[in-house]
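Next comes my_file-v4.cif, with mmCIF, C-alpha atoms.
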```
data_data
loop_
_atom_site.group_PDB
_atom_site.id
_atom_site.type_symbol
_atom_site.label_atom_id
_atom_site.label_comp_id
_atom_site.auth_asym_id
_atom_site.auth_seq_id
_atom_site.Cartn_x
_atom_site.Cartn_y
_atom_site.Cartn_z
ATOM 1 C CA MET A 1 -166.634 -4.123 72.385
ATOM 2 C CA VAL A 2 -167.209 -7.369 74.213
ATOM 3 C CA LEU A 3 -170.158 -9.643 74.971
ATOM 4 C CA THR A 4 -169.918 -12.339 77.608
ATOM 5 C CA HIS A 5 -172.148 -15.349 78.148
ATOM 6 C CA THR A 6 -171.873 -17.605 81.217
ATOM 7 C CA THR A 7 -173.606 -20.896 82.042
ATOM 8 C CA ASN A 8 -173.322 -23.596 84.692
ATOM 9 C CA HIS A 9 -174.164 -27.249 84.329
ATOM 10 C CA THR A 10 -173.809 -30.457 86.336
ATOM 11 C CA TYR A 11 -173.141 -33.803 84.660
ATOM 12 C CA SER A 12 -174.347 -36.874 86.563
ATOM 13 C CA HIS A 13 -171.059 -38.668 85.876
ATOM 14 C CA PRO A 14 -167.829 -38.825 87.884
ATOM 15 C CA PHE A 15 -165.110 -36.257 87.158
ATOM 16 C CA PRO A 16 -162.524 -38.653 85.576
ATOM 17 C CA THR A 17 -165.132 -39.943 83.082
ATOM 18 C CA VAL A 18 -166.167 -36.410 82.137
ATOM 19 C CA THR A 19 -162.562 -35.432 81.370
ATOM 20 C CA LEU A 20 -162.208 -38.556 79.205
ATOM 21 C CA ALA A 21 -165.440 -37.651 77.388
ATOM 22 C CA PHE A 22 -163.976 -34.200 76.713
ATOM 23 C CA PHE A 23 -161.113 -35.789 74.756
ATOM 24 C CA LEU A 24 -163.514 -38.239 73.069
ATOM 25 C CA ARG A 25 -166.293 -35.818 72.170
ATOM 26 C CA TYR A 26 -165.323 -35.461 68.498
ATOM 27 C CA CYS A 27 -163.993 -39.004 68.070
ATOM 28 C CA SER A 28 -166.716 -40.211 65.711
ATOM 29 C CA PRO A 29 -170.031 -38.815 64.359
ATOM 30 C CA GLN A 30 -171.460 -42.325 64.816
ATOM 31 C CA LEU A 31 -170.826 -42.070 68.546
ATOM 32 C CA ASN A 32 -171.686 -38.388 68.757
ATOM 33 C CA PRO A 33 -174.092 -37.213 66.024
ATOM 34 C CA PHE A 34 -173.734 -33.671 67.403
ATOM 35 C CA SER A 35 -170.181 -33.591 66.075
ATOM 36 C CA GLN A 36 -171.108 -33.840 62.362
ATOM 37 C CA HIS A 37 -169.754 -30.319 61.813
ATOM 38 C CA VAL A 38 -166.281 -31.301 63.037
ATOM 39 C CA MET A 39 -164.217 -32.124 59.957
ATOM 40 C CA SER A 40 -160.895 -32.852 61.637
ATOM 41 C CA THR A 41 -159.191 -33.011 65.022
ATOM 42 C CA ASP A 42 -155.426 -33.063 65.591
ATOM 43 C CA THR A 43 -153.215 -33.072 68.661
ATOM 44 C CA LEU A 44 -150.452 -30.464 68.531
ATOM 45 C CA SER A 45 -148.880 -31.269 71.885
ATOM 46 C CA SER A 46 -149.597 -33.247 75.024
ATOM 47 C CA HIS A 47 -147.359 -33.549 78.040
ATOM 48 C CA VAL A 48 -147.393 -34.127 81.781
ATOM 49 C CA ASP A 49 -145.713 -31.411 83.837
ATOM 50 C CA PRO A 50 -143.322 -33.377 86.092
ATOM 51 C CA ALA A 51 -143.583 -30.796 88.883
ATOM 52 C CA THR A 52 -147.385 -30.655 89.114
ATOM 53 C CA GLY A 53 -148.503 -33.887 87.445
ATOM 54 C CA ARG A 54 -150.870 -31.822 85.281
ATOM 55 C CA LEU A 55 -151.608 -32.917 81.727
ATOM 56 C CA HIS A 56 -151.338 -30.062 79.216
ATOM 57 C CA THR A 57 -152.846 -30.690 75.781
ATOM 58 C CA THR A 58 -153.248 -28.512 72.694
ATOM 59 C CA ARG A 59 -155.465 -29.606 69.824
ATOM 60 C CA ILE A 60 -156.693 -28.052 66.607
ATOM 61 C CA HIS A 61 -160.180 -28.701 65.215
ATOM 62 C CA LEU A 62 -161.579 -27.778 61.823
ATOM 63 C CA LYS A 63 -165.273 -26.989 62.140
ATOM 64 C CA LYS A 64 -167.861 -26.193 59.481
ATOM 65 C CA SER A 65 -169.484 -22.751 59.403
ATOM 66 C CA ARG A 66 -168.360 -21.390 62.708
ATOM 67 C CA MET A 67 -169.356 -18.011 61.363
ATOM 68 C CA PRO A 68 -173.155 -17.611 61.292
ATOM 69 C CA PRO A 69 -174.452 -17.010 57.729
ATOM 70 C CA ALA A 70 -176.157 -13.804 58.891
ATOM 71 C CA ILE A 71 -172.737 -12.393 59.747
ATOM 72 C CA MET A 72 -171.208 -13.566 56.489
ATOM 73 C CA LYS A 73 -173.935 -11.668 54.628
ATOM 74 C CA MET A 74 -173.121 -8.459 56.486
ATOM 75 C CA LEU A 75 -169.482 -8.506 55.536
ATOM 76 C CA PRO A 76 -168.020 -7.101 52.343
ATOM 77 C CA THR A 77 -166.666 -9.686 49.911
ATOM 78 C CA SER A 78 -163.180 -8.275 50.476
ATOM 79 C CA ILE A 79 -163.281 -10.048 53.839
ATOM 80 C CA THR A 80 -165.359 -13.137 53.111
ATOM 81 C CA GLY A 81 -163.649 -13.859 49.824
ATOM 82 C CA GLY A 82 -167.027 -13.854 48.120
ATOM 83 C CA ALA A 83 -167.778 -17.485 48.861
ATOM 84 C CA THR A 84 -170.987 -17.974 50.806
ATOM 85 C CA THR A 85 -171.172 -21.740 51.171
ATOM 86 C CA GLU A 86 -169.293 -24.247 53.319
ATOM 87 C CA LYS A 87 -167.305 -21.930 55.516
ATOM 88 C CA ALA A 88 -164.917 -23.643 57.857
ATOM 89 C CA SER A 89 -162.810 -22.364 60.699
ATOM 90 C CA TYR A 90 -159.829 -23.648 62.650
ATOM 91 C CA ILE A 91 -160.280 -23.772 66.430
ATOM 92 C CA MET A 92 -157.357 -24.057 68.834
ATOM 93 C CA GLU A 93 -158.209 -25.908 72.043
ATOM 94 C CA THR A 94 -155.949 -25.959 75.083
ATOM 95 C CA SER A 95 -156.670 -27.974 78.210
ATOM 96 C CA VAL A 96 -155.078 -28.659 81.580
ATOM 97 C CA VAL A 97 -156.122 -31.591 83.764
ATOM 98 C CA ASP A 98 -155.132 -31.883 87.417
ATOM 99 C CA MET A 99 -156.229 -35.257 88.740
ATOM 100 C CA LYS A 100 -154.822 -34.707 92.216
ATOM 101 C CA GLU A 101 -156.703 -31.469 92.805
ATOM 102 C CA GLY A 102 -159.684 -32.584 90.734
ATOM 103 C CA TRP A 103 -160.130 -29.911 88.072
ATOM 104 C CA MET A 104 -159.844 -29.471 84.341
ATOM 105 C CA SER A 105 -159.718 -26.140 82.578
ATOM 106 C CA THR A 106 -160.187 -25.747 78.830
ATOM 107 C CA GLU A 107 -160.040 -22.912 76.353
ATOM 108 C CA SER A 108 -161.102 -22.800 72.691
ATOM 109 C CA ARG A 109 -160.634 -19.927 70.259
ATOM 110 C CA ASN A 110 -161.116 -19.432 66.543
ATOM 111 C CA LEU A 111 -158.023 -18.913 64.432
ATOM 112 C CA ASN A 112 -159.521 -17.531 61.240
ATOM 113 C CA PHE A 113 -161.777 -14.487 61.040
ATOM 114 C CA ALA A 114 -160.434 -13.454 64.460
ATOM 115 C CA GLY A 115 -160.364 -9.804 63.409
ATOM 116 C CA VAL A 116 -164.045 -9.874 62.461
ATOM 117 C CA LEU A 117 -165.163 -11.979 65.384
ATOM 118 C CA SER A 118 -163.156 -13.667 68.098
ATOM 119 C CA VAL A 119 -164.994 -16.290 70.153
ATOM 120 C CA VAL A 120 -163.164 -17.600 73.212
ATOM 121 C CA GLU A 121 -164.837 -20.345 75.215
ATOM 122 C CA LYS A 122 -163.463 -21.232 78.643
ATOM 123 C CA GLN A 123 -164.644 -24.115 80.762
ATOM 124 C CA ILE A 124 -163.774 -25.250 84.254
ATOM 125 C CA TYR A 125 -164.751 -28.768 85.285
ATOM 126 C CA THR A 126 -164.707 -29.444 89.019
ATOM 127 C CA ILE A 127 -165.866 -32.016 91.564
ATOM 128 C CA PRO A 128 -168.782 -30.507 93.494
ATOM 129 C CA THR A 129 -168.053 -30.025 97.172
ATOM 130 C CA SER A 130 -171.522 -29.207 98.452
ATOM 131 C CA THR A 131 -173.646 -32.173 97.374
ATOM 132 C CA ASN A 132 -174.388 -35.514 98.987
ATOM 133 C CA GLU A 133 -173.239 -37.352 95.896
ATOM 134 C CA ILE A 134 -169.562 -36.454 95.957
ATOM 135 C CA GLY A 135 -167.729 -38.434 93.325
ATOM 136 C CA ASN A 136 -170.741 -39.064 91.113
ATOM 137 C CA THR A 137 -171.295 -35.639 89.607
ATOM 138 C CA THR A 138 -169.177 -33.025 87.869
ATOM 139 C CA ASP A 139 -169.797 -29.294 87.667
ATOM 140 C CA VAL A 140 -168.867 -27.286 84.608
ATOM 141 C CA ALA A 141 -168.814 -23.517 84.323
ATOM 142 C CA THR A 142 -168.700 -22.191 80.768
ATOM 143 C CA THR A 143 -167.833 -18.639 79.780
ATOM 144 C CA VAL A 144 -167.916 -17.498 76.184
ATOM 145 C CA VAL A 145 -166.476 -14.129 75.266
ATOM 146 C CA PHE A 146 -167.413 -12.571 71.914
ATOM 147 C CA ARG A 147 -165.340 -9.758 70.612
ATOM 148 C CA SER A 148 -165.594 -8.046 67.266
ATOM 149 C CA ARG A 149 -162.870 -5.720 66.141
ATOM 150 C CA PHE A 150 -164.517 -5.177 62.802
ATOM 151 C CA GLY A 151 -163.705 -1.752 61.396
ATOM 152 C CA GLU A 152 -160.693 -1.282 63.657
ATOM 153 C CA ARG A 153 -157.230 -1.074 62.276
ATOM 154 C CA ILE A 154 -155.324 -3.719 64.140
ATOM 155 C CA ARG A 155 -151.637 -4.257 63.983
ATOM 156 C CA ASP A 156 -150.676 -7.811 64.897
ATOM 157 C CA LYS A 157 -147.545 -8.950 66.695
ATOM 158 C CA LEU A 158 -145.642 -9.209 63.455
ATOM 159 C CA GLY A 159 -146.546 -5.671 62.492
ATOM 160 C CA HIS A 160 -148.909 -6.551 59.667
ATOM 161 C CA LEU A 161 -151.887 -4.308 59.291
ATOM 162 C CA HIS A 162 -155.227 -6.091 59.233
ATOM 163 C CA ALA A 163 -157.434 -4.018 57.023
ATOM 164 C CA HIS A 164 -160.940 -4.692 58.252
ATOM 165 C CA GLU A 165 -161.953 -1.174 57.511
ATOM 166 C CA VAL A 166 -165.421 0.058 56.926
ATOM 167 C CA GLU A 167 -165.813 1.862 53.667
ATOM 168 C CA GLN A 168 -167.235 5.022 55.187
ATOM 169 C CA GLU A 169 -166.811 7.253 52.218
ATOM 170 C CA LYS A 170 -169.204 5.346 49.991
ATOM 171 C CA GLY A 171 -172.199 6.250 52.137
ATOM 172 C CA GLY A 172 -173.599 2.726 51.984
ATOM 173 C CA PHE A 173 -175.017 0.319 54.502
ATOM 174 C CA PHE A 174 -171.835 0.054 56.499
ATOM 175 C CA SER A 175 -171.364 3.743 57.048
ATOM 176 C CA ARG A 176 -174.979 4.153 58.160
ATOM 177 C CA LEU A 177 -174.627 1.394 60.720
ATOM 178 C CA GLY A 178 -171.106 2.444 61.691
ATOM 179 C CA ALA A 179 -168.300 0.184 62.782
ATOM 180 C CA HIS A 180 -169.575 -0.048 66.360
ATOM 181 C CA GLY A 181 -173.057 -0.938 65.197
ATOM 182 C CA ILE A 182 -171.651 -3.703 63.063
ATOM 183 C CA GLN A 183 -169.509 -4.966 65.929
ATOM 184 C CA ARG A 184 -172.538 -5.096 68.216
ATOM 185 C CA SER A 185 -174.616 -6.918 65.598
ATOM 186 C CA ILE A 186 -171.868 -9.427 64.948
ATOM 187 C CA GLU A 187 -171.424 -10.130 68.653
ATOM 188 C CA SER A 188 -175.117 -10.554 69.419
ATOM 189 C CA LEU A 189 -175.754 -12.740 66.358
ATOM 190 C CA ALA A 190 -172.844 -14.959 67.311
ATOM 191 C CA SER A 191 -173.940 -15.072 70.935
ATOM 192 C CA LYS A 192 -177.444 -16.243 69.957
ATOM 193 C CA LYS A 193 -176.030 -18.992 67.778
ATOM 194 C CA THR A 194 -173.578 -20.104 70.458
ATOM 195 C CA GLN A 195 -176.313 -20.495 73.064
ATOM 196 C CA ASP A 196 -178.019 -23.033 70.767
ATOM 197 C CA GLN A 197 -174.730 -24.776 70.153
ATOM 198 C CA LEU A 198 -173.837 -25.038 73.844
ATOM 199 C CA GLY A 199 -176.967 -27.131 74.357
ATOM 200 C CA LYS A 200 -175.996 -29.429 71.490
ATOM 201 C CA SER A 201 -172.410 -29.808 72.642
ATOM 202 C CA ARG A 202 -173.738 -30.791 76.088
ATOM 203 C CA GLU A 203 -176.028 -33.390 74.467
ATOM 204 C CA GLY A 204 -172.999 -34.752 72.629
ATOM 205 C CA MET A 205 -171.014 -35.022 75.873
ATOM 206 C CA LYS A 206 -173.943 -36.887 77.467
ATOM 207 C CA LEU A 207 -174.061 -39.430 74.620
ATOM 208 C CA ILE A 208 -170.332 -40.135 74.997
ATOM 209 C CA LEU A 209 -170.725 -40.368 78.784
ATOM 210 C CA GLU A 210 -173.556 -42.898 78.401
ATOM 211 C CA ARG A 211 -171.429 -44.992 76.013
ATOM 212 C CA LEU A 212 -168.593 -44.929 78.528
ATOM 213 C CA ARG A 213 -170.972 -46.007 81.305
ATOM 214 C CA GLN A 214 -172.334 -48.883 79.199
ATOM 215 C CA SER A 215 -169.192 -50.245 77.607
ATOM 216 C CA GLY A 216 -166.149 -48.521 79.122
ATOM 217 C CA ILE A 217 -163.248 -47.003 77.209
ATOM 218 C CA MET A 218 -162.329 -50.281 75.460
ATOM 219 C CA GLY A 219 -165.911 -50.619 74.239
ATOM 220 C CA VAL A 220 -165.887 -47.043 72.919
ATOM 221 C CA LEU A 221 -162.558 -47.597 71.151
ATOM 222 C CA GLU A 222 -163.984 -50.752 69.558
ATOM 223 C CA LEU A 223 -167.132 -48.922 68.364
ATOM 224 C CA ARG A 224 -164.969 -46.139 66.998
ATOM 225 C CA LYS A 225 -162.810 -48.610 65.096
ATOM 226 C CA MET A 226 -165.848 -50.346 63.621
ATOM 227 C CA ALA A 227 -167.358 -47.018 62.510
ATOM 228 C CA ARG A 228 -164.048 -46.073 60.934
ATOM 229 C CA GLU A 229 -163.769 -49.322 58.982
ATOM 230 C CA ARG A 230 -167.342 -49.005 57.742
ATOM 231 C CA ASN A 231 -166.536 -45.504 56.505
ATOM 232 C CA MET A 232 -163.447 -46.694 54.680
ATOM 233 C CA GLU A 233 -165.434 -49.409 52.897
ATOM 234 C CA LYS A 234 -167.926 -46.794 51.748
ATOM 235 C CA ALA A 235 -165.196 -44.483 50.506
ATOM 236 C CA MET B 1 -165.107 -39.650 61.393
ATOM 237 C CA SER B 2 -162.703 -37.489 63.233
ATOM 238 C CA GLN B 3 -159.842 -37.384 60.762
ATOM 239 C CA SER B 4 -156.610 -35.492 60.618
ATOM 240 C CA LEU B 5 -156.667 -32.207 58.733
ATOM 241 C CA ALA B 6 -154.114 -33.863 56.450
ATOM 242 C CA LYS B 7 -155.198 -37.177 54.894
ATOM 243 C CA GLU B 8 -151.626 -38.471 54.775
ATOM 244 C CA CYS B 9 -151.407 -38.249 58.602
ATOM 245 C CA ASN B 10 -154.593 -40.257 59.272
ATOM 246 C CA GLU B 11 -152.908 -43.601 59.954
ATOM 247 C CA ALA B 12 -150.321 -42.126 62.321
ATOM 248 C CA LYS B 13 -152.998 -40.055 64.048
ATOM 249 C CA GLU B 14 -155.205 -43.113 64.543
ATOM 250 C CA ARG B 15 -152.391 -45.080 66.186
ATOM 251 C CA TYR B 16 -151.513 -42.183 68.482
ATOM 252 C CA ASP B 17 -155.133 -41.364 69.425
ATOM 253 C CA THR B 18 -155.869 -44.969 70.393
ATOM 254 C CA CYS B 19 -152.688 -45.115 72.463
ATOM 255 C CA PHE B 20 -153.383 -41.774 74.158
ATOM 256 C CA LEU B 21 -156.962 -42.684 75.104
ATOM 257 C CA LYS B 22 -155.828 -45.998 76.605
ATOM 258 C CA TRP B 23 -152.966 -44.345 78.493
ATOM 259 C CA TYR B 24 -155.259 -41.566 79.726
ATOM 260 C CA SER B 25 -158.012 -43.839 81.012
ATOM 261 C CA GLU B 26 -155.879 -46.690 82.315
ATOM 262 C CA LYS B 27 -152.906 -44.789 83.692
ATOM 263 C CA TYR B 28 -153.325 -41.045 83.996
ATOM 264 C CA LEU B 29 -156.808 -41.182 85.531
ATOM 265 C CA ARG B 30 -155.519 -43.696 88.066
ATOM 266 C CA GLY B 31 -152.690 -41.457 89.124
ATOM 267 C CA ASN B 32 -149.927 -43.367 87.283
ATOM 268 C CA GLY B 33 -149.472 -41.112 84.316
ATOM 269 C CA THR B 34 -146.015 -39.627 84.308
ATOM 270 C CA GLU B 35 -144.151 -38.657 81.153
ATOM 271 C CA GLN B 36 -141.708 -41.549 81.690
ATOM 272 C CA ASN B 37 -144.291 -44.268 81.317
ATOM 273 C CA ASN B 38 -146.106 -42.613 78.467
ATOM 274 C CA GLU B 39 -145.700 -45.295 75.833
ATOM 275 C CA CYS B 40 -147.389 -43.074 73.263
ATOM 276 C CA SER B 41 -144.515 -40.632 72.820
ATOM 277 C CA ILE B 42 -142.892 -42.556 69.940
ATOM 278 C CA LEU B 43 -146.227 -42.726 68.127
ATOM 279 C CA PHE B 44 -146.688 -39.017 68.781
ATOM 280 C CA LYS B 45 -143.339 -38.180 67.193
ATOM 281 C CA GLU B 46 -144.298 -40.003 63.975
ATOM 282 C CA TYR B 47 -147.707 -38.335 63.872
ATOM 283 C CA SER B 48 -146.351 -34.914 64.741
ATOM 284 C CA SER B 49 -143.634 -34.892 62.098
ATOM 285 C CA CYS B 50 -146.318 -35.598 59.486
ATOM 286 C CA LEU B 51 -148.656 -32.954 60.908
ATOM 287 C CA GLN B 52 -146.056 -30.179 61.182
ATOM 288 C CA VAL B 53 -145.442 -30.346 57.417
ATOM 289 C CA ALA B 54 -149.175 -30.104 56.738
ATOM 290 C CA LEU B 55 -149.583 -27.130 59.099
ATOM 291 C CA LYS B 56 -146.817 -25.247 57.336
ATOM 292 C CA GLU B 57 -148.164 -26.011 53.870
ATOM 293 C CA ARG B 58 -151.548 -24.595 54.856
ATOM 294 C CA GLY B 59 -150.131 -21.581 56.696
ATOM 295 C CA ILE B 60 -151.812 -22.680 59.916
ATOM 296 C CA ASP B 61 -148.539 -22.545 61.844
ATOM 297 C CA LYS B 62 -148.629 -18.739 61.662
ATOM 298 C CA LEU B 63 -152.248 -18.573 62.863
ATOM 299 C CA LEU B 64 -151.298 -20.804 65.795
ATOM 300 C CA GLU B 65 -148.340 -18.638 66.685
ATOM 301 C CA GLU B 66 -150.557 -15.552 66.924
ATOM 302 C CA ALA B 67 -153.174 -17.396 68.970
ATOM 303 C CA ARG B 68 -150.522 -18.676 71.393
ATOM 304 C CA GLU B 69 -149.282 -15.119 71.951
ATOM 305 C CA GLU B 70 -152.799 -13.973 72.827
ATOM 306 C CA LEU B 71 -153.248 -16.998 75.049
ATOM 307 C CA LYS B 72 -150.128 -16.150 77.045
ATOM 308 C CA ASP B 73 -151.677 -12.821 78.008
ATOM 309 C CA SER B 74 -154.989 -14.319 79.106
ATOM 310 C CA ASP B 75 -153.343 -17.345 80.750
ATOM 311 C CA SER B 76 -151.785 -15.393 83.560
ATOM 312 C CA THR B 77 -155.163 -14.063 84.656
ATOM 313 C CA TYR B 78 -157.169 -17.212 83.978
ATOM 314 C CA MET B 79 -154.855 -19.880 85.331
ATOM 315 C CA GLY B 80 -154.026 -17.720 88.324
ATOM 316 C CA LYS B 81 -157.426 -18.612 89.746
ATOM 317 C CA LYS B 82 -156.611 -22.307 89.798
ATOM 318 C CA LYS B 83 -153.475 -23.015 91.718
#
```
Conversion result in structure tokens:
Amino acid sequence: MVLTHTTNHTYSHPFPTVTLAFFLRYCSPQLNPFSQHVMSTDTLSSHVDPATGRLHTTRIHLKKSRMPPAIMKMLPTSITGGATTEKASYIMETSVVDMKEGWMSTESRNLNFAGVLSVVEKQIYTIPTSTNEIGNTTDVATTVVFRSRFGERIRDKLGHLHAHEVEQEKGGFFSRLGAHGIQRSIESLASKKTQDQLGKSREGMKLILERLRQSGIMGVLELRKMARERNMEKA
Amino acid sequence: MSQSLAKECNEAKERYDTCFLKWYSEKYLRGNGTEQNNECSILFKEYSSCLQVALKERGIDKLLEEAREELKDSDSTYMGKKK
């Protein structure tokens, strides 16, 4: 069972700046208030492919409550662990930038709860070819794929059995809805929430882009440093 | 503040992040960003050796391994479009 959501958007900023904003988007909640839910960001690897000149980067983000509360409520405590507050999820983000050809492709996927709900977001940033303002705008196509495997018995690559089984025999809520019904509900709930979030993440990108336009990368780094020092004084 | 998932890696992460962002905007975006002139690689090594320990302690390394396997499958179809 799969649900796909696609959107297109054009930023009124040049392509190189937009790719920089992508790396900066979670740099500080003072610079991007829409990133309050991002608790940490780490770089796992980053290298330039000598043959193509492409920059390959993998990062891991820890985000608050990636799983909508409505979904958490639907799931048995054997899966959620019984805790209902402050859920957090690790997100793996991979990106490839090709400056020569003028494109950036990104992919983000959740690492925990992947058996219950896997959300994979793919974005392609390109320089528009059909406008009069070549060089000043950047197109982005976003595709989000929701997939719930709730109730399926999945064997992973290491041969471990993930037991996200529906307790059919008890004749309760889950058996009435059925595994497929639950999967559909999970996917559509998540899809609704993600559509709201896509708007916010775009707003966050725009704030970073405006900062970059006003004060350049050195200005942004300075603001980030100041925000960081203020935080440390408070702590 | 965008911190590291492990507090003890924050200082090393900060140094690397600042270096990377400067390198990216001043060199890579201007077409001069090869691996050879990436002055951040020493800082990355320090940061990474701290982070790898933290990932193992939290069991995240295994989650990453699984995700990378899945990514390999989808990569061939997705990246094939952009050549």
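If you measure from each of A:Arg59, A:Arg109, A:Lys206, A:Arg230 to B:Glu66 using all atoms listed in the file, the closest one turns out to be A:Arg109.
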>> Which residues, named as in the file, does the PyMOL selection byres ((chain B) within 10 of (chain A)) pick out? Answer as an NGL selection string.
In response: :B and (1-7 or 9-10 or 13-14 or 16-18 or 20-22 or 24-26 or 28-36 or 38 or 41 or 44 or 47-48 or 51-52 or 60 or 62-71 or 75 or 78-79 or 82-83)
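For the pair atom CA of A:Thr6 and atom CA of A:Ser108, the interatomic distance is 14.7 Å.
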>> For A:Gln197, find every residue with an atom within 12 Å (counting only C-alpha atoms), except residues of its own chain fewer than 5 positions away, and show them as a ChimeraX atom specification.
In response: /A:34-35,37,66,68,121,144,190-192,202-204
> Between atom CA of A:His5 and atom CA of A:Thr142, what is the distance, to one decimal in Å?
Replying inline: 8.1 Å
> Which value, in Å to one decimal, gives the distance between atom CA of A:His13 and atom CA of A:Leu207?
Replying inline: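 These two atoms are separated by 11.7 Å.
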Stretch 20-32 of chain A rebuilt with N, CA, C and O atoms, output as a compact mmCIF listing (two decimals), in the coordinates of the input:
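New file rebuild_19.txt:
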```txt
# COMPACT_ATOMS: atom_id res chain seq x y z
N LEU A 20 -162.45 -37.63 80.32
CA LEU A 20 -162.21 -38.56 79.20
C LEU A 20 -163.18 -38.25 78.06
O LEU A 20 -162.78 -38.22 76.88
N ALA A 21 -164.43 -37.98 78.41
CA ALA A 21 -165.44 -37.65 77.39
C ALA A 21 -165.06 -36.37 76.66
O ALA A 21 -165.33 -36.22 75.46
N PHE A 22 -164.42 -35.44 77.36
CA PHE A 22 -163.98 -34.20 76.71
C PHE A 22 -163.01 -34.52 75.57
O PHE A 22 -163.14 -33.99 74.47
N PHE A 23 -162.07 -35.43 75.81
CA PHE A 23 -161.11 -35.79 74.76
C PHE A 23 -161.78 -36.63 73.65
O PHE A 23 -161.31 -36.64 72.52
N LEU A 24 -162.85 -37.34 74.02
CA LEU A 24 -163.51 -38.24 73.07
C LEU A 24 -164.66 -37.58 72.30
O LEU A 24 -165.21 -38.19 71.40
N ARG A 25 -165.01 -36.33 72.66
CA ARG A 25 -166.29 -35.82 72.17
C ARG A 25 -166.39 -35.69 70.65
O ARG A 25 -167.48 -35.72 70.10
N TYR A 26 -165.26 -35.55 69.96
CA TYR A 26 -165.32 -35.46 68.50
C TYR A 26 -164.77 -36.72 67.83
O TYR A 26 -164.41 -36.70 66.66
N CYS A 27 -164.72 -37.84 68.58
CA CYS A 27 -163.99 -39.00 68.07
C CYS A 27 -164.68 -39.66 66.89
O CYS A 27 -164.02 -40.25 66.04
N SER A 28 -166.00 -39.56 66.81
CA SER A 28 -166.72 -40.21 65.71
C SER A 28 -168.15 -39.69 65.65
O SER A 28 -168.84 -39.67 66.67
N PRO A 29 -168.63 -39.28 64.47
CA PRO A 29 -170.03 -38.82 64.36
C PRO A 29 -171.03 -39.94 64.61
O PRO A 29 -172.19 -39.68 64.90
N GLN A 30 -170.57 -41.21 64.51
CA GLN A 30 -171.46 -42.32 64.82
C GLN A 30 -171.72 -42.39 66.32
O GLN A 30 -172.80 -42.70 66.76
N LEU A 31 -170.68 -42.06 67.10
CA LEU A 31 -170.83 -42.07 68.55
C LEU A 31 -171.42 -40.77 69.07
O LEU A 31 -172.09 -40.74 70.08
N ASN A 32 -171.15 -39.68 68.37
CA ASN A 32 -171.69 -38.39 68.76
C ASN A 32 -172.21 -37.65 67.53
O ASN A 32 -171.48 -36.94 66.86
```
